[in-house]
$ cat entry.cif   # mmCIF, C-alpha atoms and all ligand atoms
data_run
loop_
_atom_site.label_atom_id
_atom_site.label_comp_id
_atom_site.auth_asym_id
_atom_site.auth_seq_id
_atom_site.Cartn_x
_atom_site.Cartn_y
_atom_site.Cartn_z
CA MET A 10 93.35 103.10 79.74
CA ARG A 11 96.06 100.57 80.62
CA LYS A 12 96.73 100.57 84.37
CA ILE A 13 100.29 100.97 85.63
CA ILE A 14 102.33 100.85 88.84
CA VAL A 15 103.70 104.12 90.21
CA ALA A 16 106.63 103.54 92.60
CA ILE A 17 107.69 106.48 94.77
CA ASP A 18 110.79 106.53 96.96
CA GLY A 19 112.83 109.32 98.44
CA HIS A 20 114.17 111.20 101.39
CA SER A 21 112.13 111.85 104.52
CA SER A 22 109.99 115.00 104.73
CA THR A 23 109.78 115.45 100.98
CA GLY A 24 106.00 115.02 100.98
CA LYS A 25 106.09 111.56 99.36
CA SER A 26 102.82 110.36 100.86
CA THR A 27 100.94 113.59 100.14
CA PHE A 28 102.12 113.40 96.52
CA ALA A 29 101.36 109.66 96.25
CA LYS A 30 97.84 110.18 97.65
CA ALA A 31 97.16 113.03 95.22
CA ILE A 32 98.28 110.86 92.28
CA ALA A 33 96.13 107.93 93.42
CA ALA A 34 93.09 110.21 93.77
CA LYS A 35 93.71 111.74 90.33
CA LEU A 36 94.03 108.36 88.59
CA GLY A 37 91.50 106.45 90.70
CA TYR A 38 94.29 104.10 91.82
CA VAL A 39 94.89 102.40 95.17
CA TYR A 40 97.45 104.09 97.41
CA VAL A 41 99.68 101.92 99.60
CA ASP A 42 101.75 103.46 102.39
CA THR A 43 104.48 100.86 102.98
CA GLY A 44 105.87 102.77 105.97
CA ALA A 45 102.51 102.10 107.66
CA MET A 46 103.10 98.36 107.19
CA TYR A 47 106.50 98.46 108.96
CA ARG A 48 104.89 100.64 111.62
CA SER A 49 102.10 98.07 112.12
CA VAL A 50 104.58 95.21 112.65
CA THR A 51 106.35 97.43 115.19
CA LEU A 52 103.08 98.13 117.01
CA TYR A 53 102.30 94.41 117.12
CA ALA A 54 105.77 93.68 118.55
CA LEU A 55 105.26 96.35 121.22
CA GLN A 56 101.79 95.02 122.12
CA GLN A 57 103.15 91.47 122.44
CA GLN A 58 106.13 92.74 124.44
CA PHE A 59 108.65 91.47 121.89
CA ILE A 60 110.13 94.93 122.29
CA LYS A 61 110.81 96.00 125.85
CA GLU A 62 111.57 99.61 126.76
CA GLN A 63 114.72 98.54 128.63
CA GLY A 64 115.29 94.96 127.55
CA GLY A 65 115.83 95.32 123.81
CA ILE A 66 114.10 93.64 120.95
CA SER A 67 113.46 89.92 120.38
CA GLU A 68 113.89 89.44 116.65
CA LYS A 69 113.25 85.71 117.05
CA ASP A 70 109.75 86.30 118.49
CA ILE A 71 108.88 88.90 115.88
CA VAL A 72 109.94 86.60 113.04
CA ALA A 73 108.10 83.60 114.55
CA HIS A 74 104.86 85.61 114.79
CA LEU A 75 104.94 87.15 111.30
CA PRO A 76 102.23 84.75 110.01
CA ALA A 77 99.91 86.04 112.76
CA ILE A 78 100.23 89.63 111.57
CA ASN A 79 97.55 90.66 109.12
CA ILE A 80 97.78 94.17 107.66
CA THR A 81 95.09 95.66 105.45
CA PHE A 82 94.02 99.10 104.24
CA ARG A 83 90.41 100.28 104.17
CA TYR A 84 88.98 103.42 102.70
CA ASN A 85 87.76 105.93 105.28
CA LYS A 86 84.83 107.95 103.89
CA GLY A 87 85.27 110.63 106.54
CA THR A 88 88.88 111.52 105.70
CA GLY A 89 88.81 110.43 102.06
CA ALA A 90 92.02 108.45 102.66
CA SER A 91 92.67 104.83 103.60
CA ASP A 92 93.30 103.68 107.17
CA THR A 93 95.68 100.94 108.26
CA TYR A 94 94.23 97.88 110.03
CA LEU A 95 96.27 95.47 112.12
CA ASN A 96 94.46 92.15 112.63
CA GLY A 97 91.13 93.84 112.00
CA GLU A 98 91.71 96.84 114.29
CA ASN A 99 92.10 100.39 112.98
CA VAL A 100 95.62 101.47 114.06
CA GLU A 101 96.01 104.51 111.79
CA GLN A 102 96.56 106.90 114.72
CA GLU A 103 98.52 104.57 116.97
CA ILE A 104 101.19 103.71 114.39
CA ARG A 105 102.09 107.40 114.08
CA GLY A 106 102.85 107.72 117.79
CA PHE A 107 106.24 108.36 119.35
CA ASN A 108 106.77 104.81 120.64
CA VAL A 109 106.30 103.18 117.25
CA SER A 110 108.42 105.87 115.55
CA GLN A 111 111.18 105.18 118.01
CA TYR A 112 111.46 101.45 117.20
CA VAL A 113 110.32 101.15 113.58
CA SER A 114 113.80 101.49 112.09
CA LEU A 115 114.98 98.50 114.18
CA VAL A 116 112.01 96.38 113.10
CA SER A 117 112.26 97.36 109.44
CA ALA A 118 115.92 96.28 109.45
CA ILE A 119 115.00 92.62 110.16
CA PRO A 120 115.46 90.73 106.86
CA GLU A 121 112.53 88.31 107.44
CA VAL A 122 110.20 91.24 108.20
CA ARG A 123 111.24 92.90 104.94
CA GLU A 124 110.81 89.67 102.97
CA ARG A 125 107.24 89.28 104.19
CA MET A 126 106.29 92.94 103.67
CA VAL A 127 107.79 92.94 100.17
CA ARG A 128 105.79 89.81 99.27
CA LEU A 129 102.56 91.37 100.56
CA GLN A 130 103.31 94.58 98.65
CA GLN A 131 103.97 92.65 95.44
CA GLU A 132 100.64 90.82 95.86
CA MET A 133 98.86 94.18 96.23
CA GLY A 134 100.30 95.21 92.88
CA VAL A 135 99.34 92.17 90.76
CA HIS A 136 96.40 93.95 89.17
CA LYS A 137 98.37 97.21 88.81
CA GLY A 138 96.48 100.49 89.24
CA ILE A 139 98.53 101.19 92.36
CA VAL A 140 100.64 104.03 93.79
CA MET A 141 103.08 102.81 96.44
CA ASP A 142 105.52 104.89 98.45
CA GLY A 143 108.42 103.88 100.68
CA ARG A 144 112.19 103.47 100.54
CA ASP A 145 112.69 100.38 98.34
CA ILE A 146 109.69 100.34 96.02
CA GLY A 147 111.57 101.10 92.79
CA THR A 148 114.66 99.12 93.80
CA VAL A 149 113.20 95.96 95.40
CA VAL A 150 109.39 95.74 95.37
CA PHE A 151 108.61 96.84 91.80
CA PRO A 152 111.84 97.33 89.84
CA GLN A 153 109.71 96.86 86.69
CA ALA A 154 107.19 99.61 87.61
CA GLU A 155 106.18 101.65 84.58
CA LEU A 156 106.81 104.90 86.47
CA LYS A 157 109.46 105.17 89.18
CA ILE A 158 109.99 108.46 90.99
CA PHE A 159 112.72 109.44 93.42
CA MET A 160 111.80 112.48 95.51
CA THR A 161 114.22 114.78 97.18
CA ALA A 162 114.51 118.39 98.35
CA ASP A 163 117.18 120.61 99.87
CA PRO A 164 117.66 119.56 103.55
CA GLN A 165 117.30 123.22 104.58
CA VAL A 166 113.90 123.44 102.84
CA ARG A 167 112.72 120.12 104.32
CA ALA A 168 113.77 121.24 107.80
CA GLU A 169 111.89 124.52 107.32
CA ARG A 170 108.74 122.60 106.34
CA ARG A 171 108.99 120.38 109.40
CA TYR A 172 109.78 123.31 111.67
CA LYS A 173 106.62 125.08 110.48
CA GLU A 174 104.52 121.90 110.88
CA MET A 175 105.79 121.30 114.41
CA LYS A 176 105.34 124.92 115.40
CA GLU A 177 101.71 124.76 114.25
CA LYS A 178 101.29 121.73 116.54
CA GLY A 179 102.69 123.77 119.41
CA SER A 180 106.16 122.19 119.55
CA GLU A 181 109.19 124.42 120.18
CA VAL A 182 112.09 122.32 118.86
CA PRO A 183 114.97 124.57 117.69
CA PHE A 184 115.42 124.79 113.91
CA GLU A 185 119.05 123.63 114.07
CA GLU A 186 117.99 120.43 115.82
CA ILE A 187 115.41 119.66 113.14
CA LEU A 188 117.92 120.30 110.37
CA GLU A 189 120.40 117.93 112.05
CA ASN A 190 117.66 115.30 112.36
CA VAL A 191 116.76 115.58 108.65
CA LYS A 192 120.43 115.09 107.68
CA HIS A 193 120.85 112.23 110.16
CA ARG A 194 117.80 110.39 108.78
CA ASP A 195 119.09 110.76 105.22
CA TYR A 196 122.38 109.22 106.29
CA GLU A 197 120.66 106.36 108.14
CA ASP A 198 118.30 105.61 105.23
CA GLU A 199 121.14 105.60 102.71
CA HIS A 200 123.64 103.59 104.74
CA ARG A 201 121.60 100.84 106.37
CA ALA A 202 122.59 97.25 105.55
CA VAL A 203 119.22 96.06 104.20
CA ALA A 204 117.41 97.79 101.34
CA PRO A 205 119.20 101.14 101.67
CA LEU A 206 117.54 104.14 100.06
CA ARG A 207 118.78 104.43 96.47
CA ARG A 208 117.53 106.05 93.31
CA ALA A 209 116.47 103.02 91.25
CA PRO A 210 117.75 102.65 87.70
CA GLY A 211 115.31 104.50 85.47
CA ALA A 212 113.71 106.43 88.36
CA LEU A 213 112.82 110.03 87.52
CA LEU A 214 114.25 112.58 89.92
CA LEU A 215 111.78 115.02 91.43
CA ASP A 216 113.42 117.77 93.47
CA ASN A 217 110.50 119.65 94.95
CA SER A 218 112.52 122.25 96.93
CA HIS A 219 110.82 125.02 94.98
CA LEU A 220 107.69 123.36 93.62
CA THR A 221 104.09 123.77 94.78
CA PRO A 222 101.82 120.68 94.97
CA GLU A 223 100.12 121.90 91.77
CA GLN A 224 103.44 122.15 89.93
CA GLN A 225 104.36 118.64 91.10
CA MET A 226 101.09 117.26 89.76
CA GLU A 227 101.69 119.06 86.46
CA TRP A 228 105.14 117.47 86.29
CA PHE A 229 103.68 114.04 87.06
CA LEU A 230 100.97 114.28 84.40
CA LYS A 231 103.62 115.27 81.84
CA GLN A 232 105.71 112.19 82.73
CA LEU A 233 102.62 110.00 82.56
CA ALA A 234 101.73 111.33 79.12
CA LEU A 235 105.32 110.65 77.98
CA ILE A 236 105.28 106.99 79.03
CA ARG A 237 101.81 106.53 77.53
CA THR A 238 103.19 107.52 74.13
CA GLN A 239 106.16 105.16 74.36
O1 LIG B 1 107.79 106.54 105.81
P1 LIG B 1 107.66 106.23 107.30
O2 LIG B 1 108.33 107.24 108.22
O3 LIG B 1 106.25 105.94 107.73
O4 LIG B 1 108.48 104.87 107.47
C1 LIG B 1 108.58 104.23 108.71
C2 LIG B 1 109.86 103.44 108.79
O5 LIG B 1 109.83 102.31 107.92
C3 LIG B 1 111.14 104.21 108.46
O6 LIG B 1 112.10 103.86 109.44
C4 LIG B 1 111.57 103.67 107.12
C5 LIG B 1 110.96 102.30 107.08
N1 LIG B 1 110.52 101.91 105.75
C6 LIG B 1 111.25 100.97 105.08
O7 LIG B 1 112.26 100.51 105.60
N2 LIG B 1 110.86 100.56 103.85
C7 LIG B 1 109.76 101.06 103.28
N3 LIG B 1 109.39 100.62 102.07
C8 LIG B 1 108.99 102.04 103.95
C9 LIG B 1 109.40 102.46 105.21
#
$ encode --input "entry.cif" --output "structure tokens" --more "lines below"
Ligand code: DC
Amino acid sequence: MRKIIVAIDGHSSTGKSTFAKAIAAKLGYVYVDTGAMYRSVTLYALQQQFIKEQGGISEKDIVAHLPAINITFRYNKGTGASDTYLNGENVEQEIRGFNVSQYVSLVSAIPEVRERMVRLQQEMGVHKGIVMDGRDIGTVVFPQAELKIFMTADPQVRAERRYKEMKEKGSEVPFEEILENVKHRDYEDEHRAVAPLRRAPGALLLDNSHLTPEQQMEWFLKQLALIRTQ
């Protein structure tokens, strides 16, 4: 069957990557987590001390060293998912840490960083058969993707999901604080100067406030069948 590109964007804590991974597994496609790419550049900048805890961030150094940053994904048999490699080293765990999370929005706002990541992402999609998630996939990276999806959910529901997740990990952050953080991140994503989060023209809206993972997959397969008949 003809391979396509599935582009998934949307608000934070909507389960984009879980959904994207499930689709890739179902179709036998490659899954690309573009957030992991921005996180890897941030980790590199921290390792090279282009970001200093007190002294700010040297955009000039980060931009100058972009050609030295090699990001790849490799399948991990143990987890059944793919891990992120930065210059040959598995950084899957490290890029999810607090320090990287704290600085990644600054690094992903640098236009030259975005240009390079977008080019790499477009190269990964030349043979199609790819599911990519992020913030600008349907708007910038693959505006011509055969299937574009914009995911959202009620902020209250997303905050409840995160609250539960964090509680299971032993964290005691008050619910109100998490809800505020969800709303704040939506605002930041939608109002930043470069590649703000937007529903791309032609993107299908998936509000999963009240949908189980199974119902979301059912919805996806229906949409896929529809475009296959077009
Ligand atoms: O999805 P995530 O939390 O791993 O994303 C990490 C950061 O990278 C977040 O600040 C949004 C940014 N990002 C982006 O600017 N463009 C993308 N395509 C993906 C992520």
$ closest_residue --input "entry.cif" --among "A:Glu101, A:Glu186, A:Glu169, A:Glu68" --to "A:Leu115" --atoms "only C-alpha atoms"
A:Glu68
$ residues_near_ligand --input "entry.cif" --ligand "ligand LIG 1 (chain B)" --cutoff "7 Å" --atoms "all atoms listed in the file" --output "PyMOL selection string"
chain A and resi 21+43-45+47-48+113-114+117-118+142-146
$ residues_around --input "entry.cif" --residues "A:Asn217" --least-positions-apart "5" --cutoff "8 Å" --atoms "all atoms listed in the file" --output "PDB file with C-alpha atoms, in the coordinates of the input"
ATOM      1  CA  THR A  23     109.780 115.450 100.980  1.00  0.00           C
ATOM      2  CA  MET A 160     111.800 112.480  95.510  1.00  0.00           C
ATOM      3  CA  THR A 161     114.220 114.780  97.180  1.00  0.00           C
ATOM      4  CA  ALA A 162     114.510 118.390  98.350  1.00  0.00           C
ATOM      5  CA  GLN A 225     104.360 118.640  91.100  1.00  0.00           C
TER       6      GLN A 225
END
$ residues_around --input "entry.cif" --residues "A:Glu155" --least-positions-apart "2" --cutoff "10 Å" --atoms "only C-alpha atoms" --output "PyMOL selection string"
chain A and resi 12-16+137+147+151-153+157+211-212+233+236-237
$ residues_around --input "entry.cif" --residues "A:Ser26" --least-positions-apart "5" --cutoff "9 Å" --atoms "only C-alpha atoms" --output "ChimeraX atom specification"
/A:17,31,40,42,141-143
$ residues_near_point --input "entry.cif" --point "(106.5, 87.0, 110.8)" --cutoff "10 Å" --atoms "only C-alpha atoms" --output "VMD selection string"
chain A and resid 50 68 to 79 121 to 126
$ closest_residue --input "entry.cif" --among "A:Pro120, A:Asp163, A:Phe107, A:Asn96" --to "A:Arg201" --atoms "only C-alpha atoms"
A:Pro120
$ atom_distance --input "entry.cif" --atom1 "atom CA of A:Ala154" --atom2 "atom CA of A:Asp18"
12.2 Å
$ atom_distance --input "entry.cif" --atom1 "atom CA of A:Tyr112" --atom2 "atom CA of A:Phe59"
11.4 Å
$ residues_near_point --input "entry.cif" --point "(114.7, 97.3, 122.4)" --cutoff "12 Å" --atoms "all atoms listed in the file" --output "list in words"
Thr51, Ala54, Leu55, Gln58, Phe59, Ile60, Lys61, Glu62, Gln63, Gly64, Gly65, Ile66, Ser67, Glu68, Asn108, Val109, Gln111, Tyr112, Val113, Ser114, Leu115 and Val116 of chain A
$ atom_distance --input "entry.cif" --atom1 "atom CA of A:Lys30" --atom2 "atom CA of A:Lys231"
17.6 Å
$ closest_atom_pairs --input "entry.cif" --of "stretch 81-200 of chain A" --to "stretch 36-39 of chain A" --cutoff "8 Å" --atoms "only C-alpha atoms" --output "CSV"
residue,atom,partner,partner_atom,distance
A:Gly138,CA,A:Tyr38,CA,4.9
A:Ile139,CA,A:Val39,CA,4.8
A:Val140,CA,A:Val39,CA,6.1
$ residues_around --input "entry.cif" --residues "A:Asn85" --least-positions-apart "4" --cutoff "12 Å" --atoms "only C-alpha atoms" --output "PyMOL selection string"
chain A and resi 89-94+99+101
$ closest_residue --input "entry.cif" --among "A:Pro205, A:Gly106, A:Gly24, A:Pro222" --to "A:Leu52" --atoms "all atoms listed in the file"
A:Gly106
$ closest_residue --input "entry.cif" --among "A:Met226, A:Gln239, A:His136, A:Val203" --to "A:Ala34" --atoms "all atoms listed in the file"
A:Met226
$ closest_residue --input "entry.cif" --among "A:Ile104, A:Leu235, A:Leu129, A:Leu230" --to "A:Lys35" --atoms "only C-alpha atoms"
A:Leu230
$ closest_residue --input "entry.cif" --among "A:Arg208, A:Thr238, A:Glu197, A:Phe82" --to "A:Arg11" --atoms "only C-alpha atoms"
A:Thr238
$ decode --input "entry.cif" --residues "stretch 81-223 of chain A" --atoms "C-alpha atoms" --output "compact mmCIF listing (two decimals), in the first residue's frame"
# COMPACT_ATOMS: atom_id res chain seq x y z
CA THR A 81 19.89 9.78 15.10
CA PHE A 82 17.21 7.36 16.31
CA ARG A 83 17.81 3.66 16.82
CA TYR A 84 15.33 0.95 17.62
CA ASN A 85 15.63 -0.46 21.14
CA LYS A 86 14.59 -4.12 21.20
CA GLY A 87 14.15 -4.05 24.97
CA THR A 88 11.58 -1.24 25.09
CA GLY A 89 10.17 -1.73 21.59
CA ALA A 90 10.61 2.01 20.95
CA SER A 91 13.42 4.04 19.41
CA ASP A 92 16.10 5.79 21.45
CA THR A 93 17.69 9.15 20.67
CA TYR A 94 21.45 9.25 20.00
CA LEU A 95 23.56 12.39 20.18
CA ASN A 96 26.88 11.98 18.35
CA GLY A 97 26.67 8.23 18.77
CA GLU A 98 25.74 8.24 22.47
CA ASN A 99 22.35 7.10 23.76
CA VAL A 100 20.83 10.18 25.46
CA GLU A 101 17.21 9.01 25.67
CA GLN A 102 17.10 9.34 29.48
CA GLU A 103 19.28 12.42 29.82
CA ILE A 104 17.25 14.59 27.43
CA ARG A 105 14.14 14.09 29.60
CA GLY A 106 15.85 15.49 32.69
CA PHE A 107 14.99 18.71 34.47
CA ASN A 108 18.00 20.69 33.23
CA VAL A 109 17.27 20.06 29.56
CA SER A 110 13.55 20.71 30.08
CA GLN A 111 14.39 24.02 31.67
CA TYR A 112 16.37 25.36 28.69
CA VAL A 113 14.86 23.63 25.66
CA SER A 114 12.32 26.36 24.91
CA LEU A 115 15.18 28.92 24.67
CA VAL A 116 17.19 26.69 22.34
CA SER A 117 14.21 25.78 20.17
CA ALA A 118 13.49 29.50 19.68
CA ILE A 119 16.81 30.06 17.84
CA PRO A 120 15.95 30.39 14.12
CA GLU A 121 19.16 28.67 12.87
CA VAL A 122 18.52 25.70 15.20
CA ARG A 123 15.00 25.37 13.80
CA GLU A 124 16.22 25.65 10.21
CA ARG A 125 18.66 22.78 10.71
CA MET A 126 16.20 20.56 12.59
CA VAL A 127 13.49 21.16 9.98
CA ARG A 128 15.91 20.20 7.19
CA LEU A 129 16.91 17.00 9.01
CA GLN A 130 13.25 16.17 9.62
CA GLN A 131 12.39 16.72 5.96
CA GLU A 132 15.24 14.40 4.94
CA MET A 133 13.86 11.71 7.28
CA GLY A 134 10.55 11.93 5.43
CA VAL A 135 11.76 11.63 1.82
CA HIS A 136 10.76 7.98 1.57
CA LYS A 137 7.50 8.60 3.48
CA GLY A 138 6.25 5.85 5.80
CA ILE A 139 6.82 8.17 8.76
CA VAL A 140 4.87 9.45 11.77
CA MET A 141 6.32 12.67 13.16
CA ASP A 142 5.12 14.63 16.16
CA GLY A 143 5.98 18.12 17.38
CA ARG A 144 4.67 21.68 17.21
CA ASP A 145 5.28 22.70 13.58
CA ILE A 146 5.12 19.46 11.62
CA GLY A 147 1.90 20.21 9.72
CA THR A 148 2.63 23.93 9.39
CA VAL A 149 6.36 24.03 8.53
CA VAL A 150 8.02 20.61 8.16
CA PHE A 151 5.44 18.73 6.08
CA PRO A 152 2.62 21.09 5.05
CA GLN A 153 1.91 18.61 2.22
CA ALA A 154 1.58 15.58 4.55
CA GLU A 155 -1.25 13.30 3.47
CA LEU A 156 -2.61 13.17 7.03
CA LYS A 157 -2.24 16.10 9.42
CA ILE A 158 -3.63 15.86 12.94
CA PHE A 159 -3.95 18.56 15.58
CA MET A 160 -4.42 17.14 19.08
CA THR A 161 -5.98 18.94 21.96
CA ALA A 162 -7.89 18.24 25.17
CA ASP A 163 -9.58 20.25 27.89
CA PRO A 164 -6.84 21.86 30.08
CA GLN A 165 -8.60 20.51 33.18
CA VAL A 166 -8.44 16.95 31.80
CA ARG A 167 -4.78 17.32 30.76
CA ALA A 168 -3.89 18.66 34.21
CA GLU A 169 -5.68 15.72 35.83
CA ARG A 170 -3.68 13.29 33.69
CA ARG A 171 -0.40 14.94 34.64
CA TYR A 172 -1.38 15.17 38.29
CA LYS A 173 -2.05 11.41 38.34
CA GLU A 174 1.23 10.67 36.51
CA MET A 175 3.26 12.81 38.90
CA LYS A 176 1.53 11.37 41.95
CA GLU A 177 2.42 7.86 40.78
CA LYS A 178 6.05 9.01 40.58
CA GLY A 179 5.80 10.23 44.16
CA SER A 180 5.58 13.97 43.45
CA GLU A 181 3.21 16.12 45.51
CA VAL A 182 2.69 19.20 43.30
CA PRO A 183 -0.72 20.80 43.99
CA PHE A 184 -3.32 20.31 41.25
CA GLU A 185 -3.89 24.06 40.83
CA GLU A 186 -0.20 24.56 40.08
CA ILE A 187 -0.25 21.87 37.39
CA LEU A 188 -3.36 23.34 35.81
CA GLU A 189 -1.71 26.78 35.71
CA ASN A 190 1.40 25.24 34.13
CA VAL A 191 -0.66 23.52 31.41
CA LYS A 192 -2.38 26.82 30.54
CA HIS A 193 0.91 28.72 30.65
CA ARG A 194 2.58 26.26 28.25
CA ASP A 195 -0.33 26.53 25.82
CA TYR A 196 0.05 30.30 25.84
CA GLU A 197 3.83 30.10 25.35
CA ASP A 198 3.55 27.56 22.51
CA GLU A 199 0.90 29.61 20.71
CA HIS A 200 2.51 33.03 21.12
CA ARG A 201 6.21 32.46 20.51
CA ALA A 202 7.80 34.40 17.65
CA VAL A 203 9.16 31.43 15.67
CA ALA A 204 6.97 28.56 14.48
CA PRO A 205 4.14 29.12 16.97
CA LEU A 206 1.76 26.23 17.56
CA ARG A 207 -1.09 26.48 15.04
CA ARG A 208 -3.61 24.09 13.58
CA ALA A 209 -2.32 23.70 10.01
CA PRO A 210 -4.72 24.22 7.12
CA GLY A 211 -6.36 20.86 6.46
CA ALA A 212 -5.31 19.38 9.83
CA LEU A 213 -7.94 17.15 11.43
CA LEU A 214 -8.84 18.13 14.97
CA LEU A 215 -8.63 15.36 17.56
CA ASP A 216 -9.96 16.38 20.96
CA ASN A 217 -9.19 13.39 23.15
CA SER A 218 -10.61 14.78 26.43
CA HIS A 219 -13.01 11.86 26.61
CA LEU A 220 -11.42 9.26 24.34
CA THR A 221 -9.57 6.09 25.31
CA PRO A 222 -6.40 5.11 23.37
CA GLU A 223 -8.48 2.44 21.59
